[in-house]
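Trainee: Just one file: protein.json, with JSON, C-alpha atoms.
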```
[["chain", "number", "residue", "atom", "x", "y", "z"],
["Y", 225, "MET", "CA", 127.90, 67.22, 138.50],
["Y", 226, "ILE", "CA", 125.78, 65.37, 141.03],
["Y", 227, "VAL", "CA", 122.88, 64.60, 138.71],
["Y", 228, "GLY", "CA", 125.08, 63.34, 135.91],
["Y", 229, "ALA", "CA", 127.11, 61.13, 138.22],
["Y", 230, "TRP", "CA", 124.29, 59.42, 140.07],
["Y", 231, "PRO", "CA", 122.20, 56.88, 138.17],
["Y", 232, "GLY", "CA", 118.47, 57.38, 138.39],
["Y", 233, "LEU", "CA", 118.69, 61.16, 138.63],
["Y", 234, "GLY", "CA", 118.79, 61.73, 134.90],
["Y", 235, "ALA", "CA", 115.08, 62.57, 134.89],
["Y", 236, "TRP", "CA", 115.68, 65.65, 137.04],
["Y", 237, "PRO", "CA", 115.66, 69.03, 135.30],
["Y", 238, "ALA", "CA", 118.94, 69.61, 133.46],
["Y", 239, "TRP", "CA", 119.62, 72.88, 135.31],
["Y", 240, "VAL", "CA", 120.00, 71.01, 138.63],
["Y", 241, "GLY", "CA", 123.25, 69.43, 137.48],
["Y", 242, "HIS", "CA", 124.65, 72.82, 136.46],
["Y", 243, "HIS", "CA", 123.92, 74.51, 139.80],
["Y", 244, "ASP", "CA", 125.34, 72.08, 142.35],
["Y", 245, "TYR", "CA", 127.03, 74.75, 144.46],
["Y", 246, "ALA", "CA", 124.13, 77.21, 144.23],
["Y", 247, "LEU", "CA", 121.80, 74.50, 145.55],
["Y", 248, "LEU", "CA", 124.35, 73.58, 148.22],
["Y", 249, "PHE", "CA", 124.54, 77.24, 149.28],
["Y", 250, "ALA", "CA", 120.74, 77.56, 149.54],
["Y", 251, "ALA", "CA", 120.46, 74.30, 151.50],
["Y", 252, "SER", "CA", 123.23, 75.31, 153.91],
["Y", 253, "VAL", "CA", 121.46, 78.61, 154.63],
["Y", 254, "ALA", "CA", 118.43, 76.60, 155.77],
["Y", 255, "GLU", "CA", 120.23, 73.74, 157.56],
["Y", 256, "GLY", "CA", 123.97, 74.11, 157.98],
["Y", 257, "PRO", "CA", 125.32, 71.07, 159.89],
["Y", 258, "LEU", "CA", 123.37, 68.32, 158.14],
["Y", 259, "VAL", "CA", 124.02, 69.80, 154.70],
["Y", 260, "THR", "CA", 127.73, 70.19, 155.50],
["Y", 261, "VAL", "CA", 128.04, 66.49, 156.34],
["Y", 262, "ALA", "CA", 126.08, 65.55, 153.20],
["Y", 263, "ALA", "CA", 128.30, 67.79, 151.04],
["Y", 264, "ALA", "CA", 131.42, 66.12, 152.42],
["Y", 265, "VAL", "CA", 129.97, 62.68, 151.67],
["Y", 266, "LEU", "CA", 129.35, 63.80, 148.07],
["Y", 267, "ALA", "CA", 132.90, 65.18, 147.90],
["Y", 268, "SER", "CA", 134.28, 61.85, 149.11],
["Y", 269, "GLN", "CA", 132.55, 60.21, 146.13],
["Y", 270, "GLY", "CA", 134.08, 62.73, 143.72],
["Y", 271, "LEU", "CA", 130.76, 64.45, 143.03],
["Y", 272, "LEU", "CA", 131.81, 67.80, 144.54],
["Y", 273, "ASN", "CA", 135.14, 69.52, 145.03],
["Y", 274, "LEU", "CA", 135.96, 69.35, 148.76],
["Y", 275, "ALA", "CA", 137.46, 72.85, 149.05],
["Y", 276, "ALA", "CA", 134.66, 74.45, 147.01],
["Y", 277, "ALA", "CA", 132.03, 72.61, 149.05],
["Y", 278, "TYR", "CA", 133.65, 73.80, 152.30],
["Y", 279, "ALA", "CA", 133.73, 77.42, 151.13],
["Y", 280, "THR", "CA", 130.10, 77.16, 149.96],
["Y", 281, "VAL", "CA", 128.75, 75.77, 153.24],
["Y", 282, "VAL", "CA", 130.69, 78.36, 155.26],
["Y", 283, "LEU", "CA", 129.20, 81.18, 153.17],
["Y", 284, "GLY", "CA", 125.73, 79.62, 153.41],
["Y", 285, "ASP", "CA", 126.00, 79.27, 157.17],
["Y", 286, "LEU", "CA", 127.07, 82.90, 157.52],
["Y", 287, "ALA", "CA", 124.20, 84.01, 155.28],
["Y", 288, "GLY", "CA", 121.80, 82.14, 157.58],
["Y", 289, "ASP", "CA", 123.38, 83.88, 160.58],
["Y", 290, "ALA", "CA", 122.81, 87.24, 158.90],
["Y", 291, "LEU", "CA", 119.14, 86.37, 158.39],
["Y", 292, "TYR", "CA", 118.76, 85.43, 162.08],
["Y", 293, "TYR", "CA", 120.41, 88.71, 163.07],
["Y", 294, "ALA", "CA", 118.00, 90.66, 160.84],
["Y", 295, "ALA", "CA", 115.03, 88.76, 162.28],
["Y", 296, "GLY", "CA", 116.15, 89.52, 165.84],
["Y", 297, "ARG", "CA", 116.76, 93.17, 165.09],
["Y", 298, "TRP", "CA", 113.70, 94.05, 163.02],
["Y", 299, "LEU", "CA", 111.07, 91.31, 163.41],
["Y", 300, "LEU", "CA", 111.24, 89.75, 166.87],
["Y", 301, "GLY", "CA", 109.84, 92.79, 168.71],
["Y", 302, "ARG", "CA", 106.88, 92.92, 166.35],
["Y", 303, "LEU", "CA", 105.77, 89.34, 166.89],
["Y", 304, "PRO", "CA", 102.52, 89.04, 168.84],
["Y", 305, "LEU", "CA", 102.92, 87.43, 172.25],
["Y", 306, "ARG", "CA", 100.53, 84.59, 171.44],
["Y", 307, "GLY", "CA", 101.48, 81.02, 172.06],
["Y", 308, "ALA", "CA", 103.83, 79.40, 174.54],
["Y", 309, "ARG", "CA", 106.67, 79.03, 172.03],
["Y", 310, "THR", "CA", 106.77, 82.69, 171.06],
["Y", 311, "SER", "CA", 106.68, 83.94, 174.63],
["Y", 312, "ARG", "CA", 109.33, 81.39, 175.69],
["Y", 313, "LEU", "CA", 111.58, 82.48, 172.82],
["Y", 314, "ARG", "CA", 111.15, 86.15, 173.74],
["Y", 315, "ARG", "CA", 112.06, 85.38, 177.36],
["Y", 316, "ARG", "CA", 115.20, 83.52, 176.30],
["Y", 317, "VAL", "CA", 116.26, 86.33, 173.99],
["Y", 318, "ASP", "CA", 115.66, 88.96, 176.70],
["Y", 319, "ALA", "CA", 117.67, 86.91, 179.19],
["Y", 320, "LEU", "CA", 120.58, 86.61, 176.76],
["Y", 321, "ARG", "CA", 120.60, 90.21, 175.57],
["Y", 322, "GLY", "CA", 122.43, 91.82, 178.50],
["Y", 323, "TYR", "CA", 124.99, 89.02, 178.86],
["Y", 324, "LEU", "CA", 125.62, 89.11, 175.12],
["Y", 325, "LEU", "CA", 126.45, 92.82, 175.18],
["Y", 326, "GLU", "CA", 128.97, 92.22, 177.98],
["Y", 327, "HIS", "CA", 130.56, 89.05, 176.50],
["Y", 328, "PRO", "CA", 129.68, 88.93, 172.78],
["Y", 329, "GLY", "CA", 132.51, 86.64, 171.72],
["Y", 330, "ARG", "CA", 131.92, 84.06, 174.41],
["Y", 331, "VAL", "CA", 128.15, 83.93, 173.91],
["Y", 332, "LEU", "CA", 128.24, 83.86, 170.10],
["Y", 333, "LEU", "CA", 130.92, 81.18, 169.95],
["Y", 334, "PHE", "CA", 129.03, 79.09, 172.51],
["Y", 335, "GLY", "CA", 125.82, 79.41, 170.52],
["Y", 336, "LYS", "CA", 127.63, 78.62, 167.28],
["Y", 337, "LEU", "CA", 129.36, 75.52, 168.56],
["Y", 338, "THR", "CA", 126.45, 74.08, 170.52],
["Y", 339, "HIS", "CA", 123.81, 74.62, 167.80],
["Y", 340, "SER", "CA", 120.95, 73.92, 170.25],
["Y", 341, "ALA", "CA", 121.24, 77.37, 171.83],
["Y", 342, "GLY", "CA", 122.31, 79.01, 168.59],
["Y", 343, "PHE", "CA", 118.87, 80.10, 167.40],
["Y", 344, "ALA", "CA", 118.12, 82.18, 170.49],
["Y", 345, "VAL", "CA", 121.69, 83.55, 170.66],
["Y", 346, "LEU", "CA", 121.62, 84.75, 167.05],
["Y", 347, "LEU", "CA", 118.22, 86.39, 167.51],
["Y", 348, "ALA", "CA", 119.41, 87.98, 170.75],
["Y", 349, "ALA", "CA", 122.42, 89.47, 168.99],
["Y", 350, "GLY", "CA", 120.09, 91.21, 166.55],
["Y", 351, "ALA", "CA", 117.71, 92.29, 169.29],
["Y", 352, "ALA", "CA", 120.65, 93.70, 171.29],
["Y", 353, "ARG", "CA", 121.78, 95.61, 168.15],
["Y", 354, "LEU", "CA", 125.28, 94.20, 168.36],
["Y", 355, "ARG", "CA", 127.46, 95.76, 165.68],
["Y", 356, "PRO", "CA", 126.97, 93.68, 162.49],
["Y", 357, "ALA", "CA", 130.69, 93.54, 161.64],
["Y", 358, "ARG", "CA", 131.54, 92.26, 165.12],
["Y", 359, "TYR", "CA", 128.65, 89.79, 165.00],
["Y", 360, "MET", "CA", 129.75, 88.36, 161.64],
["Y", 361, "LEU", "CA", 133.41, 88.16, 162.71],
["Y", 362, "TYR", "CA", 132.60, 86.03, 165.76],
["Y", 363, "ASN", "CA", 130.28, 83.85, 163.72],
["Y", 364, "LEU", "CA", 133.00, 83.37, 161.10],
["Y", 365, "LEU", "CA", 135.45, 82.33, 163.84],
["Y", 366, "GLY", "CA", 132.92, 79.77, 165.08],
["Y", 367, "THR", "CA", 131.81, 78.58, 161.64],
["Y", 368, "LEU", "CA", 135.26, 77.81, 160.20],
["Y", 369, "PRO", "CA", 136.28, 75.06, 162.69],
["Y", 370, "LYS", "CA", 132.74, 73.76, 163.11],
["Y", 371, "SER", "CA", 132.23, 73.34, 159.36],
["Y", 372, "ALA", "CA", 135.72, 71.83, 158.99],
["Y", 373, "LEU", "CA", 134.95, 69.22, 161.66],
["Y", 374, "LEU", "CA", 131.60, 68.36, 160.06],
["Y", 375, "MET", "CA", 133.28, 68.10, 156.65],
["Y", 376, "LEU", "CA", 135.86, 65.69, 158.08],
["Y", 377, "VAL", "CA", 133.12, 63.53, 159.59],
["Y", 378, "GLY", "CA", 131.15, 63.44, 156.34],
["Y", 379, "TYR", "CA", 134.23, 62.84, 154.18],
["Y", 380, "PHE", "CA", 135.49, 59.92, 156.23],
["Y", 381, "CYS", "CA", 131.98, 58.44, 156.48],
["Y", 382, "GLY", "CA", 131.76, 58.62, 152.69],
["Y", 383, "ARG", "CA", 135.17, 56.99, 152.24],
["Y", 384, "PHE", "CA", 134.29, 54.30, 154.78],
["Y", 385, "TYR", "CA", 131.05, 53.59, 152.91],
["Y", 386, "GLU", "CA", 132.96, 53.40, 149.60],
["Y", 387, "ASN", "CA", 135.40, 50.86, 151.05],
["Y", 388, "LEU", "CA", 132.63, 48.97, 152.78],
["Y", 389, "ARG", "CA", 130.59, 48.80, 149.59],
["Y", 390, "GLY", "CA", 133.32, 46.74, 147.90],
["Y", 391, "ASP", "CA", 133.47, 44.41, 150.92],
["Y", 392, "LEU", "CA", 129.68, 44.09, 150.88],
["Y", 393, "ARG", "CA", 129.76, 43.02, 147.25],
["Y", 394, "VAL", "CA", 132.27, 40.27, 148.06],
["Y", 395, "ALA", "CA", 130.24, 39.22, 151.12],
["Y", 396, "GLY", "CA", 127.03, 39.22, 149.06],
["Y", 397, "ALA", "CA", 128.58, 37.07, 146.33],
["Y", 398, "ALA", "CA", 129.99, 34.66, 148.93],
["Y", 399, "GLY", "CA", 126.60, 34.48, 150.64],
["Y", 400, "LEU", "CA", 124.87, 33.72, 147.33],
["Y", 401, "VAL", "CA", 127.35, 30.91, 146.57],
["Y", 402, "LEU", "CA", 126.87, 29.45, 150.06],
["Y", 403, "ALA", "CA", 123.08, 29.64, 149.73],
["Y", 404, "VAL", "CA", 123.14, 27.82, 146.36],
["Y", 405, "LEU", "CA", 125.49, 25.15, 147.76],
["Y", 406, "GLY", "CA", 123.21, 24.77, 150.78],
["Y", 407, "LEU", "CA", 120.14, 24.29, 148.58],
["Y", 408, "LEU", "CA", 121.99, 21.73, 146.44],
["Y", 409, "ALA", "CA", 123.09, 19.84, 149.58],
["Y", 410, "LEU", "CA", 119.53, 19.92, 150.91],
["Y", 411, "ALA", "CA", 118.16, 18.60, 147.61],
["Y", 412, "TRP", "CA", 120.78, 15.81, 147.65],
["Y", 413, "GLN", "CA", 119.84, 14.84, 151.21],
["Y", 414, "LEU", "CA", 116.12, 14.75, 150.39],
["Y", 415, "ARG", "CA", 116.79, 12.55, 147.39],
["Y", 416, "ALA", "CA", 118.87, 10.15, 149.53],
["Y", 417, "VAL", "CA", 116.14, 9.94, 152.19],
["Y", 418, "ASP", "CA", 113.27, 9.52, 149.76],
["Y", 419, "PRO", "CA", 114.65, 7.62, 146.73],
["Y", 420, "ALA", "CA", 112.49, 7.31, 143.65],
["Y", 421, "PRO", "CA", 110.30, 4.14, 143.66],
["Y", 422, "PRO", "CA", 111.51, 1.30, 141.41],
["Y", 423, "GLU", "CA", 109.72, 0.89, 138.12]]
```
Could you take the file, read its structure, and then write that structure out as structure tokens?

Mentor:
Amino acid sequence: MIVGAWPGLGAWPAWVGHHDYALLFAASVAEGPLVTVAAAVLASQGLLNLAAAYATVVLGDLAGDALYYAAGRWLLGRLPLRGARTSRLRRRVDALRGYLLEHPGRVLLFGKLTHSAGFAVLLAAGAARLRPARYMLYNLLGTLPKSALLMLVGYFCGRFYENLRGDLRVAGAAGLVLAVLGLLALAWQLRAVDPAPPE
């Protein structure tokens, strides 16, 4: 349990500690890559199970993809054409639609692995009415290696931090000892330069 393991989080509502993976799922729907790395860092500290965290972020990422598909299929055409961002997004989606129908695997995997183009690609897949099963299959094929790579990065960053934390404690203690010795040496030097006046 994350809340129980981390000091200072005991004041959080008790239900948070009992719903680690549900919260992880919801967070990964909203922001997959960053949450995946964070989940792996927590797993490296023993706060989450690595395999369960991986499965959770994959499912959350796919749920987010399904929401983007639904938005492209049923909402994008109804948005008013006000604002530069909306019209630019519609132009990008329209430009991708035809190419996506011809090469769905290539376009979806590119959008999945690059992340920057992913938003428009996922909306375009919905707008192009790509078959949902085919859409989800290609996204699964892109999500599995991408999430695995992000989990590896987060896990090894967490382990590196754990090892470094022990070294930092030693370095901090050594620095404190050196600082105290330096102050004592400085006090000794000042006393030798300015001896107390004779009585």

Trainee: Atom CA of Y:Leu248 to atom CA of Y:Asn273: how many Å, to one decimal?

Mentor: 12.0 Å

Trainee: Within 9 Å of Y:Val259, counting all atoms listed in the file, which residues show up once you throw out same-chain ones fewer than 6 positions away? Write them as a ChimeraX atom specification, please.

Mentor: /Y:248,251-252,281

Trainee: May I have the residues from that selection written out with C-alpha atoms, as a compact mmCIF listing (two decimals), keeping the file's coordinate frame?

Mentor:
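Heads up, here's the output in out-v2.txt:
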```txt
# COMPACT_ATOMS: atom_id res chain seq x y z
CA LEU Y 248 124.35 73.58 148.22
CA ALA Y 251 120.46 74.30 151.50
CA SER Y 252 123.23 75.31 153.91
CA VAL Y 281 128.75 75.77 153.24
```

Trainee: Could you pull the residues within 12 Å of Y:Tyr323, counting all atoms listed in the file, minus those fewer than 5 positions along the same chain, as an NGL selection string?

Mentor: :Y and (316-318 or 328-332 or 345 or 348-349 or 352 or 354)

Trainee: Kindly save the residues from that selection, with C-alpha atoms included, as a PDB file, in the coordinates of the input.

Mentor:
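Ended up saving to again-v5.pdb:
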```pdb
ATOM      1  CA  ARG Y 316     115.200  83.520 176.300  1.00  0.00           C
ATOM      2  CA  VAL Y 317     116.260  86.330 173.990  1.00  0.00           C
ATOM      3  CA  ASP Y 318     115.660  88.960 176.700  1.00  0.00           C
ATOM      4  CA  PRO Y 328     129.680  88.930 172.780  1.00  0.00           C
ATOM      5  CA  GLY Y 329     132.510  86.640 171.720  1.00  0.00           C
ATOM      6  CA  ARG Y 330     131.920  84.060 174.410  1.00  0.00           C
ATOM      7  CA  VAL Y 331     128.150  83.930 173.910  1.00  0.00           C
ATOM      8  CA  LEU Y 332     128.240  83.860 170.100  1.00  0.00           C
ATOM      9  CA  VAL Y 345     121.690  83.550 170.660  1.00  0.00           C
ATOM     10  CA  ALA Y 348     119.410  87.980 170.750  1.00  0.00           C
ATOM     11  CA  ALA Y 349     122.420  89.470 168.990  1.00  0.00           C
ATOM     12  CA  ALA Y 352     120.650  93.700 171.290  1.00  0.00           C
ATOM     13  CA  LEU Y 354     125.280  94.200 168.360  1.00  0.00           C
TER      14      LEU Y 354
END
```

Trainee: Which residues, written as a PyMOL selection string, have at least one atom at most 12 Å from Y:Phe343, with only C-alpha atoms counted and residues fewer than 2 positions away on the same chain left out?

Mentor: chain Y and resi 255+288-293+295-296+313-314+316-317+320+331-332+334-341+345-350

Trainee: Residues within 12 Å of Y:Val261, please, as a list of chain:residue names. Count only C-alpha atoms; anything in the same chain fewer than 3 positions from it doesn't count.

Mentor: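 With the cut-off at 12 Å, the set is Y:Leu248, Y:Ala251, Y:Ser252, Y:Glu255, Y:Gly256, Y:Pro257, Y:Leu258, Y:Ala264, Y:Val265, Y:Leu266, Y:Ala267, Y:Ser268, Y:Leu274, Y:Ala277, Y:Tyr278, Y:Val281, Y:Lys370, Y:Ser371, Y:Ala372, Y:Leu373, Y:Leu374, Y:Met375, Y:Leu376, Y:Val377, Y:Gly378, Y:Tyr379, Y:Phe380, Y:Cys381, Y:Gly382.
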
Trainee: State, in Å with one decimal place, the distance from atom CA of Y:Leu365 to atom CA of Y:Ala275.

Mentor: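 Taking atom CA of Y:Leu365 as the start and atom CA of Y:Ala275 as the end point, the length is 17.7 Å.
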
Trainee: Provide the atom CA of Y:Gly322 to atom CA of Y:Met360 distance in Å, to one decimal place.

Mentor: 18.7 Å

Trainee: Using all atoms listed in the file, pick whichever of Y:Trp298, Y:Gly342, Y:Val253, Y:Ala246 has the shortest atom-to-atom distance to Y:Asn363.

Mentor: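 Checking each of Y:Trp298, Y:Gly342, Y:Val253, Y:Ala246 against Y:Asn363, counting all atoms listed in the file, the winner is Y:Gly342.
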